[in-house]
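Here is the structure we will look at, set down as C-alpha cells.
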Amino acid sequence: MQIIVRDNNVEQALRALKKKLQREGVYREMKLRRHYEKPSEKRAREKAAAVRRARKLDRKRMERDGIR
C-alpha cells in the first residue's frame, strides 16, 4: 500500500492512509486477531454475518419491488 505525501501535508496523507486501511478491512482483522478465537466461535460468527447479509439483501429486494 502506498500513499503519496503532497506539499509536505502529512495530516492529509495520514487521513488517506487510514481510509485505505479501513476500506481494506485491516482494522477489523486486527481486532479479530487480538485474541484467539475457537473454530466453533469463528463458524458461529461467520454464520451470523451471512444471516445478516441475507436479511439485508431480502429487505433491499422487498423495498425495491415495493412489497412493503
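Going through the C-alpha cells in order, the chains are called A, B, and so on, while each chain numbers its residues from 1 and the ligands are numbered from 1 in the order shown.
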So which bits of chain A end up alpha helix (DSSP H) when you DSSP the backbone, as a ChimeraX atom specification?
/A:10-24,26-33,39-65
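What separates CA of Arg43 in chain A from CA of Glu29 in chain A is a distance of 15.7 Å.
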The residue from A:Ile67, A:Ala50, A:Met1, A:Ala44 with the smallest atom-to-atom distance to Glu24 in chain A, counting only C-alpha atoms, is A:Met1
Shell of 10 Å around Ile3 in chain A, only C-alpha atoms, local chain residues under 6 positions omitted, as a PyMOL selection string:
chain A and resi 12-17+20
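The spacing separating CA of Gln2 in chain A from CA of Lys18 in chain A amounts to 11.7 Å.
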One decimal, Å: what's the distance from CA of Lys56 in chain A over to CA of Val26 in chain A, could you say?
23.6 Å
